[in-house]
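Shown next: start-v2.cif, containing mmCIF, C-alpha atoms and all ligand atoms.
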data_coords
#
loop_
_atom_site.label_atom_id
_atom_site.label_comp_id
_atom_site.auth_asym_id
_atom_site.auth_seq_id
_atom_site.Cartn_x
_atom_site.Cartn_y
_atom_site.Cartn_z
CA MET A 1350 13.92 -23.70 -33.48
CA ARG A 1351 10.34 -23.54 -32.23
CA ARG A 1352 9.53 -20.91 -29.60
CA ALA A 1353 8.56 -22.16 -26.15
CA ARG A 1354 4.78 -22.19 -25.72
CA ALA A 1355 3.04 -21.53 -22.42
CA VAL A 1356 -0.61 -21.94 -21.43
CA VAL A 1357 -1.72 -19.53 -18.69
CA THR A 1358 -5.08 -20.27 -17.07
CA GLY A 1359 -6.64 -17.21 -15.52
CA GLY A 1360 -4.57 -15.20 -17.97
CA ALA A 1361 -7.02 -12.30 -18.03
CA GLY A 1362 -6.84 -11.83 -14.28
CA PHE A 1363 -4.62 -9.55 -12.25
CA LEU A 1364 -1.59 -11.84 -11.90
CA GLY A 1365 -2.34 -13.86 -15.03
CA SER A 1366 -2.30 -10.83 -17.32
CA HIS A 1367 1.04 -9.63 -15.94
CA LEU A 1368 2.38 -13.15 -16.37
CA CYS A 1369 1.19 -13.39 -20.01
CA GLU A 1370 2.81 -10.04 -20.75
CA ARG A 1371 6.10 -11.01 -19.14
CA LEU A 1372 6.20 -14.37 -20.96
CA LEU A 1373 5.58 -12.63 -24.29
CA ASN A 1374 8.40 -10.20 -23.48
CA GLU A 1375 10.65 -13.21 -22.83
CA GLY A 1376 9.87 -14.56 -26.32
CA PHE A 1377 7.30 -17.21 -25.40
CA GLU A 1378 4.16 -17.97 -27.32
CA VAL A 1379 1.29 -17.57 -24.88
CA VAL A 1380 -2.12 -19.22 -24.88
CA CYS A 1381 -4.26 -17.34 -22.38
CA ILE A 1382 -7.32 -19.22 -21.12
CA ASP A 1383 -9.92 -17.42 -19.01
CA ASN A 1384 -13.69 -17.65 -18.59
CA LEU A 1385 -13.76 -13.95 -17.59
CA LEU A 1386 -15.66 -14.72 -14.39
CA THR A 1387 -13.40 -12.42 -12.39
CA GLY A 1388 -10.82 -11.71 -15.12
CA SER A 1389 -11.33 -8.98 -17.68
CA LEU A 1390 -10.55 -8.44 -21.35
CA ALA A 1391 -9.42 -4.93 -20.44
CA ASN A 1392 -6.43 -6.55 -18.69
CA ILE A 1393 -5.19 -8.20 -21.89
CA GLU A 1394 -6.51 -5.87 -24.60
CA HIS A 1395 -3.02 -4.54 -25.23
CA LEU A 1396 -1.70 -8.08 -25.83
CA PHE A 1397 -4.06 -8.99 -28.67
CA GLY A 1398 -1.88 -7.42 -31.34
CA ARG A 1399 1.26 -9.13 -30.05
CA GLU A 1400 2.74 -11.93 -32.10
CA GLY A 1401 2.36 -15.29 -30.44
CA PHE A 1402 -0.57 -14.32 -28.20
CA THR A 1403 -3.81 -16.31 -28.30
CA PHE A 1404 -6.85 -15.92 -26.09
CA ILE A 1405 -9.38 -18.69 -25.47
CA LYS A 1406 -12.52 -17.91 -23.47
CA TYR A 1407 -13.03 -21.14 -21.56
CA ASP A 1408 -13.80 -22.56 -18.14
CA VAL A 1409 -10.88 -24.80 -17.15
CA THR A 1410 -13.00 -26.85 -14.78
CA ASN A 1411 -14.03 -28.70 -17.97
CA TYR A 1412 -11.81 -30.94 -20.07
CA VAL A 1413 -9.12 -28.71 -21.61
CA HIS A 1414 -7.65 -29.28 -25.03
CA VAL A 1415 -5.07 -26.99 -26.61
CA PRO A 1416 -4.00 -27.90 -30.14
CA GLY A 1417 -0.27 -28.09 -30.85
CA PRO A 1418 2.75 -28.36 -28.58
CA VAL A 1419 2.73 -26.97 -25.04
CA ASP A 1420 5.90 -26.63 -22.96
CA PHE A 1421 4.52 -24.98 -19.83
CA VAL A 1422 1.13 -24.88 -18.10
CA LEU A 1423 0.77 -22.18 -15.45
CA HIS A 1424 -2.47 -22.55 -13.49
CA PHE A 1425 -3.50 -19.12 -12.22
CA ALA A 1426 -7.27 -19.34 -12.65
CA SER A 1427 -9.25 -18.66 -9.47
CA PRO A 1428 -11.40 -16.06 -7.81
CA ALA A 1429 -8.98 -14.50 -5.36
CA SER A 1430 -10.63 -12.05 -2.99
CA PRO A 1431 -12.67 -12.67 0.18
CA ILE A 1432 -15.72 -11.05 -1.47
CA ASP A 1433 -15.34 -13.42 -4.43
CA TYR A 1434 -15.27 -16.42 -2.10
CA LEU A 1435 -18.58 -15.30 -0.60
CA GLU A 1436 -20.18 -14.70 -3.99
CA LEU A 1437 -18.59 -17.56 -5.94
CA PRO A 1438 -17.92 -20.31 -3.39
CA ILE A 1439 -18.67 -23.24 -5.69
CA GLN A 1440 -16.70 -21.84 -8.62
CA THR A 1441 -13.77 -21.17 -6.27
CA LEU A 1442 -13.81 -24.78 -5.08
CA LYS A 1443 -14.25 -26.11 -8.61
CA VAL A 1444 -11.41 -24.19 -10.23
CA GLY A 1445 -9.00 -25.09 -7.42
CA SER A 1446 -9.93 -28.78 -7.56
CA LEU A 1447 -11.40 -29.76 -10.94
CA GLY A 1448 -9.56 -26.93 -12.71
CA THR A 1449 -6.23 -28.00 -11.26
CA HIS A 1450 -6.93 -31.59 -12.27
CA LYS A 1451 -7.72 -30.56 -15.86
CA ALA A 1452 -4.69 -28.27 -16.07
CA LEU A 1453 -2.48 -31.08 -14.75
CA GLY A 1454 -4.04 -33.42 -17.30
CA LEU A 1455 -3.18 -30.98 -20.07
CA ALA A 1456 0.42 -30.74 -18.84
CA LYS A 1457 0.68 -34.53 -18.68
CA ALA A 1458 -0.79 -35.00 -22.17
CA LYS A 1459 1.69 -32.47 -23.58
CA ASN A 1460 4.62 -33.54 -21.41
CA ALA A 1461 4.80 -29.93 -20.23
CA ARG A 1462 6.13 -28.45 -17.01
CA PHE A 1463 3.28 -27.44 -14.66
CA LEU A 1464 3.27 -24.52 -12.23
CA LEU A 1465 0.53 -24.09 -9.63
CA ALA A 1466 -0.31 -20.66 -8.26
CA SER A 1467 -0.98 -21.55 -4.64
CA THR A 1468 -1.40 -19.13 -1.79
CA SER A 1469 -0.40 -18.06 1.69
CA GLU A 1470 -4.01 -18.98 2.56
CA VAL A 1471 -2.83 -22.59 2.89
CA TYR A 1472 -1.39 -21.35 6.21
CA GLY A 1473 -4.84 -20.08 7.30
CA ASP A 1474 -4.76 -18.03 10.52
CA PRO A 1475 -1.15 -19.01 11.20
CA LEU A 1476 0.14 -20.13 14.58
CA VAL A 1477 3.71 -19.77 13.34
CA HIS A 1478 5.15 -16.40 12.39
CA PRO A 1479 6.57 -15.64 9.87
CA GLN A 1480 5.28 -18.49 7.73
CA SER A 1481 7.84 -20.83 6.19
CA GLU A 1482 7.05 -23.61 3.73
CA GLY A 1483 7.45 -26.26 6.43
CA TYR A 1484 4.42 -24.96 8.36
CA TRP A 1485 1.24 -26.97 7.68
CA GLY A 1486 -1.24 -24.25 8.50
CA ASN A 1487 -4.28 -23.55 10.62
CA VAL A 1488 -7.27 -23.52 8.27
CA ASN A 1489 -10.97 -23.60 9.11
CA PRO A 1490 -12.36 -25.90 6.42
CA VAL A 1491 -16.00 -24.88 6.94
CA GLY A 1492 -15.61 -21.10 7.25
CA PRO A 1493 -16.34 -18.70 4.38
CA ARG A 1494 -12.69 -18.57 3.33
CA GLY A 1495 -12.41 -22.36 3.49
CA VAL A 1496 -13.60 -22.67 -0.12
CA TYR A 1497 -10.40 -20.98 -1.32
CA ASP A 1498 -8.00 -22.30 1.30
CA GLU A 1499 -9.08 -25.91 1.00
CA ALA A 1500 -9.27 -25.81 -2.80
CA LYS A 1501 -5.68 -24.59 -2.92
CA ARG A 1502 -4.56 -27.18 -0.37
CA PHE A 1503 -6.23 -29.84 -2.50
CA ALA A 1504 -4.57 -28.32 -5.59
CA GLU A 1505 -1.15 -28.66 -3.95
CA ALA A 1506 -1.88 -32.28 -2.98
CA MET A 1507 -3.06 -33.05 -6.53
CA THR A 1508 0.03 -31.41 -8.02
CA MET A 1509 2.34 -33.46 -5.80
CA ALA A 1510 0.39 -36.62 -6.68
CA TYR A 1511 0.93 -35.97 -10.41
CA HIS A 1512 4.56 -35.29 -9.65
CA ARG A 1513 5.08 -38.47 -7.63
CA TYR A 1514 2.76 -40.87 -9.45
CA HIS A 1515 3.05 -39.66 -13.05
CA GLY A 1516 6.53 -38.16 -12.79
CA LEU A 1517 5.18 -34.83 -14.02
CA ASP A 1518 7.60 -31.91 -13.78
CA THR A 1519 5.78 -29.59 -11.35
CA ARG A 1520 6.29 -26.37 -9.39
CA ILE A 1521 4.23 -24.79 -6.62
CA VAL A 1522 4.41 -21.12 -5.62
CA ARG A 1523 2.66 -19.90 -2.46
CA ILE A 1524 1.76 -16.33 -3.24
CA PHE A 1525 1.36 -13.81 -0.42
CA ASN A 1526 -0.58 -10.52 -0.73
CA THR A 1527 0.35 -8.97 -4.06
CA TYR A 1528 -0.76 -5.60 -5.43
CA GLY A 1529 -0.40 -3.45 -8.51
CA PRO A 1530 -2.19 -2.19 -11.61
CA ARG A 1531 -5.09 -4.35 -12.91
CA MET A 1532 -6.40 -5.36 -9.53
CA ARG A 1533 -10.17 -5.22 -9.69
CA ARG A 1534 -11.49 -1.96 -8.37
CA ASN A 1535 -14.41 -3.53 -6.47
CA ASP A 1536 -12.94 -6.84 -5.44
CA GLY A 1537 -12.97 -5.77 -1.81
CA ARG A 1538 -9.28 -6.35 -1.18
CA VAL A 1539 -7.58 -3.82 0.99
CA VAL A 1540 -5.31 -2.28 -1.65
CA PRO A 1541 -7.94 -1.35 -4.28
CA ALA A 1542 -10.48 -0.61 -1.52
CA PHE A 1543 -8.35 1.96 0.33
CA ILE A 1544 -6.92 3.54 -2.82
CA CYS A 1545 -10.32 3.96 -4.50
CA GLN A 1546 -11.89 5.22 -1.28
CA ALA A 1547 -9.13 7.78 -0.80
CA LEU A 1548 -9.33 8.94 -4.42
CA ALA A 1549 -13.13 9.26 -4.20
CA GLY A 1550 -12.90 11.23 -0.95
CA GLU A 1551 -14.67 8.47 0.99
CA PRO A 1552 -13.72 7.12 4.44
CA LEU A 1553 -11.24 4.23 4.55
CA THR A 1554 -12.99 1.10 5.84
CA VAL A 1555 -10.64 -0.56 8.31
CA PHE A 1556 -11.92 -3.97 9.40
CA GLY A 1557 -11.64 -4.87 13.08
CA SER A 1558 -9.17 -2.79 15.05
CA GLY A 1559 -6.80 -2.72 12.07
CA GLN A 1560 -4.12 -4.44 14.17
CA GLN A 1561 -4.04 -7.49 11.88
CA THR A 1562 -0.94 -7.51 9.69
CA ARG A 1563 -0.21 -8.13 6.01
CA SER A 1564 2.94 -7.93 3.89
CA PHE A 1565 2.49 -6.51 0.40
CA CYS A 1566 4.51 -7.46 -2.68
CA TYR A 1567 4.53 -5.47 -5.93
CA VAL A 1568 3.31 -7.46 -8.91
CA ASP A 1569 6.51 -7.10 -10.99
CA ASP A 1570 8.57 -8.61 -8.17
CA LEU A 1571 6.09 -11.45 -7.83
CA ILE A 1572 6.14 -12.28 -11.54
CA GLU A 1573 9.94 -12.29 -11.52
CA GLY A 1574 9.75 -14.80 -8.66
CA VAL A 1575 7.28 -16.97 -10.57
CA LEU A 1576 9.65 -17.15 -13.55
CA ARG A 1577 12.58 -18.03 -11.31
CA VAL A 1578 10.56 -20.86 -9.77
CA LEU A 1579 9.46 -22.04 -13.21
CA PHE A 1580 13.09 -22.44 -14.26
CA CYS A 1581 14.46 -23.87 -11.01
CA GLN A 1582 14.50 -27.57 -10.19
CA ILE A 1583 12.45 -27.53 -6.97
CA SER A 1584 9.07 -29.24 -6.92
CA ASP A 1585 8.24 -28.53 -3.28
CA PRO A 1586 6.29 -25.33 -2.55
CA ILE A 1587 8.14 -22.01 -2.47
CA ASN A 1588 6.85 -18.85 -0.77
CA LEU A 1589 6.82 -15.66 -2.84
CA GLY A 1590 6.00 -12.37 -1.18
CA ASN A 1591 7.44 -9.29 0.43
CA PRO A 1592 8.40 -9.79 4.09
CA GLU A 1593 7.85 -6.11 4.94
CA GLU A 1594 4.95 -6.43 7.38
CA MET A 1595 2.56 -3.74 8.62
CA THR A 1596 -0.79 -3.44 10.32
CA VAL A 1597 -3.86 -2.65 8.24
CA LEU A 1598 -4.24 0.58 10.20
CA GLU A 1599 -0.67 1.61 9.33
CA PHE A 1600 -1.49 0.76 5.73
CA ALA A 1601 -4.55 3.05 5.83
CA HIS A 1602 -2.37 5.92 7.05
CA LEU A 1603 0.14 5.23 4.30
CA ILE A 1604 -2.57 5.35 1.62
CA ARG A 1605 -3.80 8.66 3.02
CA LYS A 1606 -0.27 10.04 2.85
CA LEU A 1607 0.45 8.79 -0.68
CA THR A 1608 -2.88 9.98 -2.13
CA GLY A 1609 -2.66 13.28 -0.25
CA SER A 1610 -6.21 12.63 0.94
CA GLN A 1611 -7.46 13.62 4.40
CA VAL A 1612 -10.39 11.19 4.45
CA PRO A 1613 -11.41 9.78 7.85
CA ILE A 1614 -10.94 6.15 8.91
CA GLU A 1615 -14.06 4.14 9.71
CA PHE A 1616 -13.89 0.90 11.64
CA ARG A 1617 -16.04 -2.00 10.41
CA PRO A 1618 -16.53 -5.56 11.76
CA LEU A 1619 -13.68 -7.97 11.16
CA PRO A 1620 -14.65 -10.62 8.56
CA VAL A 1621 -14.91 -14.22 9.78
CA ASP A 1622 -11.56 -16.07 9.89
CA ASP A 1623 -9.57 -12.99 8.84
CA PRO A 1624 -5.95 -14.05 9.51
CA ARG A 1625 -4.39 -12.03 12.35
CA VAL A 1626 -0.90 -12.01 10.95
CA ARG A 1627 0.78 -12.79 7.66
CA GLN A 1628 4.40 -12.49 6.67
CA PRO A 1629 6.30 -14.74 4.29
CA ASP A 1630 9.56 -16.36 5.29
CA ILE A 1631 11.32 -16.14 1.91
CA THR A 1632 14.61 -17.76 2.95
CA LYS A 1633 14.05 -20.59 0.49
CA ALA A 1634 13.49 -18.24 -2.48
CA ARG A 1635 16.48 -16.12 -1.40
CA VAL A 1636 18.84 -19.06 -1.03
CA TYR A 1637 17.80 -21.23 -3.98
CA LEU A 1638 16.57 -18.65 -6.49
CA GLY A 1639 18.51 -15.55 -5.48
CA TRP A 1640 15.13 -13.84 -5.48
CA GLU A 1641 13.80 -11.12 -3.22
CA PRO A 1642 11.45 -8.19 -3.79
CA ARG A 1643 13.10 -5.02 -5.09
CA VAL A 1644 10.26 -2.51 -5.45
CA PRO A 1645 9.79 -0.39 -2.31
CA LEU A 1646 6.19 -0.26 -1.08
CA GLU A 1647 5.83 3.48 -1.65
CA VAL A 1648 7.07 3.16 -5.24
CA GLY A 1649 4.75 0.27 -6.08
CA LEU A 1650 1.82 1.98 -4.41
CA ALA A 1651 2.46 5.20 -6.35
CA LYS A 1652 2.15 3.22 -9.62
CA THR A 1653 -0.98 1.50 -8.36
CA ILE A 1654 -2.56 4.79 -7.27
CA GLU A 1655 -1.78 6.21 -10.72
CA TYR A 1656 -3.52 3.21 -12.31
CA PHE A 1657 -6.65 3.65 -10.21
CA ARG A 1658 -6.73 7.39 -10.94
CA ARG A 1659 -7.02 6.48 -14.63
CA VAL A 1660 -9.61 3.75 -13.98
CA LEU A 1661 -11.77 6.08 -11.91
CA ALA A 1662 -11.53 8.78 -14.57
CA ALA A 1663 -12.83 6.35 -17.22
CA PRO A 1664 -16.16 5.00 -15.94
CA SER A 1665 -16.27 2.17 -18.50
CA GLY A 1666 -12.88 0.80 -17.33
CA PRO A 1667 -12.31 -2.47 -15.41
N1 LIG B 1701 -9.39 -4.98 5.01
C1 LIG B 1701 -9.81 -3.79 5.59
N2 LIG B 1701 -10.65 -2.99 4.86
C2 LIG B 1701 -11.07 -3.28 3.60
C3 LIG B 1701 -10.63 -4.48 3.01
C4 LIG B 1701 -9.78 -5.31 3.75
O1 LIG B 1701 -9.47 -3.47 6.72
O2 LIG B 1701 -11.85 -2.49 3.03
C5 LIG B 1701 -8.47 -5.84 5.77
C6 LIG B 1701 -8.92 -7.30 5.87
O3 LIG B 1701 -9.78 -7.48 6.98
C7 LIG B 1701 -7.60 -8.02 6.02
C8 LIG B 1701 -6.61 -7.14 5.25
O4 LIG B 1701 -7.24 -5.88 5.10
O5 LIG B 1701 -7.20 -8.04 7.38
C9 LIG B 1701 -6.27 -7.70 3.88
O6 LIG B 1701 -7.46 -8.02 3.24
P1 LIG B 1701 -7.54 -8.48 1.74
O7 LIG B 1701 -8.98 -8.73 1.44
O8 LIG B 1701 -6.82 -7.53 0.88
O9 LIG B 1701 -6.73 -9.85 1.63
P2 LIG B 1701 -6.47 -11.10 2.62
O10 LIG B 1701 -5.06 -10.94 2.99
O11 LIG B 1701 -7.36 -11.03 3.82
O12 LIG B 1701 -6.75 -12.28 1.76
#
What's the structure tokens form of this structure?
Ligand code: UDP
Amino acid sequence: MRRARAVVTGGAGFLGSHLCERLLNEGFEVVCIDNLLTGSLANIEHLFGREGFTFIKYDVTNYVHVPGPVDFVLHFASPASPIDYLELPIQTLKVGSLGTHKALGLAKAKNARFLLASTSEVYGDPLVHPQSEGYWGNVNPVGPRGVYDEAKRFAEAMTMAYHRYHGLDTRIVRIFNTYGPRMRRNDGRVVPAFICQALAGEPLTVFGSGQQTRSFCYVDDLIEGVLRVLFCQISDPINLGNPEEMTVLEFAHLIRKLTGSQVPIEFRPLPVDDPRVRQPDITKARVYLGWEPRVPLEVGLAKTIEYFRRVLAAPSGP
């Protein structure tokens, strides 16, 4: 019998590369598509020798063709950090809108199941806490983060339209803050920023008063959740994330403790539209998928710190 074949867009990115690896481990053939705008070959170098792995350097905002059968299309391509949205606003909008349309078109042409990597950003600066899937969000469409938030909201609408109108088999995961090895060192997100600052002996840059909250999920837990959603029968969005919430200031102290670094904390202006709180309500994933995060924050962070120690020691790394 033929092996299942999955196309992963954004497969050379942080989440995409972990997803490709996990799918290969599960016996899938994997076609990884990435234009390497924010993804990196270093993330998938170790997969090139693996049987069943193919890489295509391509921008999925254009018409996508993949020869041969395809059983699953997992759309993970997108810039994904607030700095990226400022530097790549048009690309962010395009990959969330045109890229989602093309990826859906590929899934339809191949009669494949489609999974959209959506985001907690669809909730914006939430007025409901914690955020459950039934909340419609509080997004500023014209702010600097709007390019990501609105593109993902459009992507969800487009996915549901293909589901309802074309009968396409679709899934939507709303991914909350996720961390782990292969995050980009300079992408400006709080996890790589604080870890690299602490390891370099530089002050930790806390934005605002640091009283805003986030809830951090280790990448392995997240990928497990994605696979469970892929093989469940629910087409409505499902939150995936770790409900353990903390303030950014508490997180800075934790990074100092775990790196054993006594660097000072420096307060910087809060970026525009920075959400004040964020915590996933994962009742739906718990009840319907039997999924919840298993990796304790300190354990996941220790692995991530170890990764960045290696990256910083090798100047040519990602
Ligand atoms: N943040 C910070 N210092 C940094 C980078 C980020 O205090 O050097 C804060 C940021 O303002 C936000 C939180 O950390 O409140 C998480 O930011 P990140 O960019 O990781 O992701 P977001 O959840 O905002 O998309």
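By all atoms listed in the file, and with residues fewer than 6 positions from range 1408-1413 of chain A along its chain excluded, the set lying at most 8 Å from it is Thr1358, Ile1382, Asp1383, Asn1384, Ala1426, Lys1443, Val1444, Leu1447, Gly1448, Thr1449, Lys1451, Ala1452 and Leu1455 of chain A.
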Between chain A and ligand LIG 1701 (chain B), at 8 Å or less, what are the per-residue closest atom pairs and their distances in Å? Count all atoms listed in the file, order by chain and rising residue number, and return it as JSON lines.
{"residue": "A:Ala1429", "atom": "CA", "partner": "B:LIG1701", "partner_atom": "O12", "distance": 7.8}
{"residue": "A:Ser1430", "atom": "CA", "partner": "B:LIG1701", "partner_atom": "O7", "distance": 5.8}
{"residue": "A:Pro1431", "atom": "CA", "partner": "B:LIG1701", "partner_atom": "O7", "distance": 5.5}
{"residue": "A:Ile1432", "atom": "CA", "partner": "B:LIG1701", "partner_atom": "O7", "distance": 7.7}
{"residue": "A:Glu1470", "atom": "CA", "partner": "B:LIG1701", "partner_atom": "O12", "distance": 7.3}
{"residue": "A:Phe1525", "atom": "CA", "partner": "B:LIG1701", "partner_atom": "O10", "distance": 7.8}
{"residue": "A:Asn1526", "atom": "CA", "partner": "B:LIG1701", "partner_atom": "O10", "distance": 5.8}
{"residue": "A:Gly1537", "atom": "CA", "partner": "B:LIG1701", "partner_atom": "C3", "distance": 5.5}
{"residue": "A:Arg1538", "atom": "CA", "partner": "B:LIG1701", "partner_atom": "O8", "distance": 3.4}
{"residue": "A:Val1539", "atom": "CA", "partner": "B:LIG1701", "partner_atom": "C3", "distance": 3.7}
{"residue": "A:Val1540", "atom": "CA", "partner": "B:LIG1701", "partner_atom": "O8", "distance": 6.0}
{"residue": "A:Ala1542", "atom": "CA", "partner": "B:LIG1701", "partner_atom": "O2", "distance": 5.1}
{"residue": "A:Phe1543", "atom": "CA", "partner": "B:LIG1701", "partner_atom": "O2", "distance": 6.3}
{"residue": "A:Leu1553", "atom": "CA", "partner": "B:LIG1701", "partner_atom": "O2", "distance": 6.9}
{"residue": "A:Thr1554", "atom": "CA", "partner": "B:LIG1701", "partner_atom": "O2", "distance": 4.7}
{"residue": "A:Val1555", "atom": "CA", "partner": "B:LIG1701", "partner_atom": "O1", "distance": 3.5}
{"residue": "A:Phe1556", "atom": "CA", "partner": "B:LIG1701", "partner_atom": "O1", "distance": 3.7}
{"residue": "A:Gly1557", "atom": "CA", "partner": "B:LIG1701", "partner_atom": "O1", "distance": 6.9}
{"residue": "A:Gly1559", "atom": "CA", "partner": "B:LIG1701", "partner_atom": "O1", "distance": 6.0}
{"residue": "A:Gln1561", "atom": "CA", "partner": "B:LIG1701", "partner_atom": "O5", "distance": 5.5}
{"residue": "A:Thr1562", "atom": "CA", "partner": "B:LIG1701", "partner_atom": "O5", "distance": 6.7}
{"residue": "A:Arg1563", "atom": "CA", "partner": "B:LIG1701", "partner_atom": "O10", "distance": 6.4}
{"residue": "A:Val1597", "atom": "CA", "partner": "B:LIG1701", "partner_atom": "O4", "distance": 5.6}
{"residue": "A:Leu1598", "atom": "CA", "partner": "B:LIG1701", "partner_atom": "O1", "distance": 7.5}
{"residue": "A:Phe1616", "atom": "CA", "partner": "B:LIG1701", "partner_atom": "O1", "distance": 7.9}
{"residue": "A:Arg1617", "atom": "CA", "partner": "B:LIG1701", "partner_atom": "O1", "distance": 7.7}
{"residue": "A:Leu1619", "atom": "CA", "partner": "B:LIG1701", "partner_atom": "O3", "distance": 5.7}
{"residue": "A:Pro1620", "atom": "CA", "partner": "B:LIG1701", "partner_atom": "O3", "distance": 6.0}
{"residue": "A:Asp1623", "atom": "CA", "partner": "B:LIG1701", "partner_atom": "O5", "distance": 5.7}
{"residue": "A:Pro1624", "atom": "CA", "partner": "B:LIG1701", "partner_atom": "O5", "distance": 6.5}
{"residue": "A:Arg1625", "atom": "CA", "partner": "B:LIG1701", "partner_atom": "O5", "distance": 7.0}
{"residue": "A:Arg1627", "atom": "CA", "partner": "B:LIG1701", "partner_atom": "O10", "distance": 7.7}
Residue list as a ChimeraX atom specification for point (11.1, -7.9, -7.2), cut-off 7 Å, all atoms listed in the file: /A:1569-1571,1573,1641-1644
So which residues are close to (8.7, -14.7, -5.3), meaning at most 9 Å away in the file's coordinates with only C-alpha atoms counted, and can you show them as a short mmCIF file (atom, residue, chain, number, x, y, z; two decimals) with C-alpha atoms, keeping the file's coordinate frame?
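Output below, filename part-v3.cif:
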data_model
loop_
_atom_site.label_atom_id
_atom_site.label_comp_id
_atom_site.auth_asym_id
_atom_site.auth_seq_id
_atom_site.Cartn_x
_atom_site.Cartn_y
_atom_site.Cartn_z
CA VAL A 1522 4.41 -21.12 -5.62
CA ARG A 1523 2.66 -19.90 -2.46
CA ILE A 1524 1.76 -16.33 -3.24
CA PHE A 1525 1.36 -13.81 -0.42
CA CYS A 1566 4.51 -7.46 -2.68
CA ASP A 1570 8.57 -8.61 -8.17
CA LEU A 1571 6.09 -11.45 -7.83
CA ILE A 1572 6.14 -12.28 -11.54
CA GLU A 1573 9.94 -12.29 -11.52
CA GLY A 1574 9.75 -14.80 -8.66
CA VAL A 1575 7.28 -16.97 -10.57
CA LEU A 1576 9.65 -17.15 -13.55
CA ARG A 1577 12.58 -18.03 -11.31
CA VAL A 1578 10.56 -20.86 -9.77
CA ILE A 1587 8.14 -22.01 -2.47
CA ASN A 1588 6.85 -18.85 -0.77
CA LEU A 1589 6.82 -15.66 -2.84
CA GLY A 1590 6.00 -12.37 -1.18
CA ASN A 1591 7.44 -9.29 0.43
CA ILE A 1631 11.32 -16.14 1.91
CA ALA A 1634 13.49 -18.24 -2.48
CA ARG A 1635 16.48 -16.12 -1.40
CA LEU A 1638 16.57 -18.65 -6.49
CA TRP A 1640 15.13 -13.84 -5.48
CA GLU A 1641 13.80 -11.12 -3.22
CA PRO A 1642 11.45 -8.19 -3.79
#
Length of the CA of Pro1586 in chain A to CA of Glu1482 in chain A vector [Å]: 6.6 Å
Between CA of Leu1464 in chain A and CA of Pro1645 in chain A - distance in Å to one decimal: 26.9 Å
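Ranking A:Thr1519, A:Gln1611, A:Thr1527, A:Asn1374 by their shortest atom-to-atom distance to Ser1469 in chain A, with all atoms listed in the file included, puts A:Thr1527 first.
Distances from A:Pro1629, A:Pro1490, A:Gly1360, A:Gly1639 to Thr1468 in chain A were compared using all atoms listed in the file, and the smallest one belongs to A:Pro1629.
Candidate residues A:Lys1633, A:Arg1658, A:Arg1502, A:Arg1534 were compared for distance to Ser1389 in chain A, and the nearest is A:Arg1534, using only C-alpha atoms.
Taking all atoms listed in the file, the non-local environment of Ile1604 in chain A within 8 Å (same-chain residues fewer than 2 positions away omitted) comprises Phe1543, Ile1544, Ala1547, Phe1600, Ala1601, His1602, Lys1606, Leu1607 and Thr1608 of chain A.
Pairwise distance (CA of His1450 in chain A, CA of Asn1489 in chain A) equals 23.2 Å.
Minimum distance to Glu1400 in chain A across A:Ile1654, A:Leu1373, A:Val1477, A:Val1496 (counting only C-alpha atoms) occurs at A:Leu1373.
With distances restricted to all atoms listed in the file, A:Val1568 is the closest residue to Arg1371 in chain A from A:Val1626, A:Leu1435, A:Val1621, A:Val1568.
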Leu1385 in chain A surroundings by all atoms listed in the file, 8 Å radius, close-in-sequence under 3 positions cut, as a list in words: Ala1361, Gly1362, Gly1388, Ser1389, Leu1390 and Lys1406 of chain A
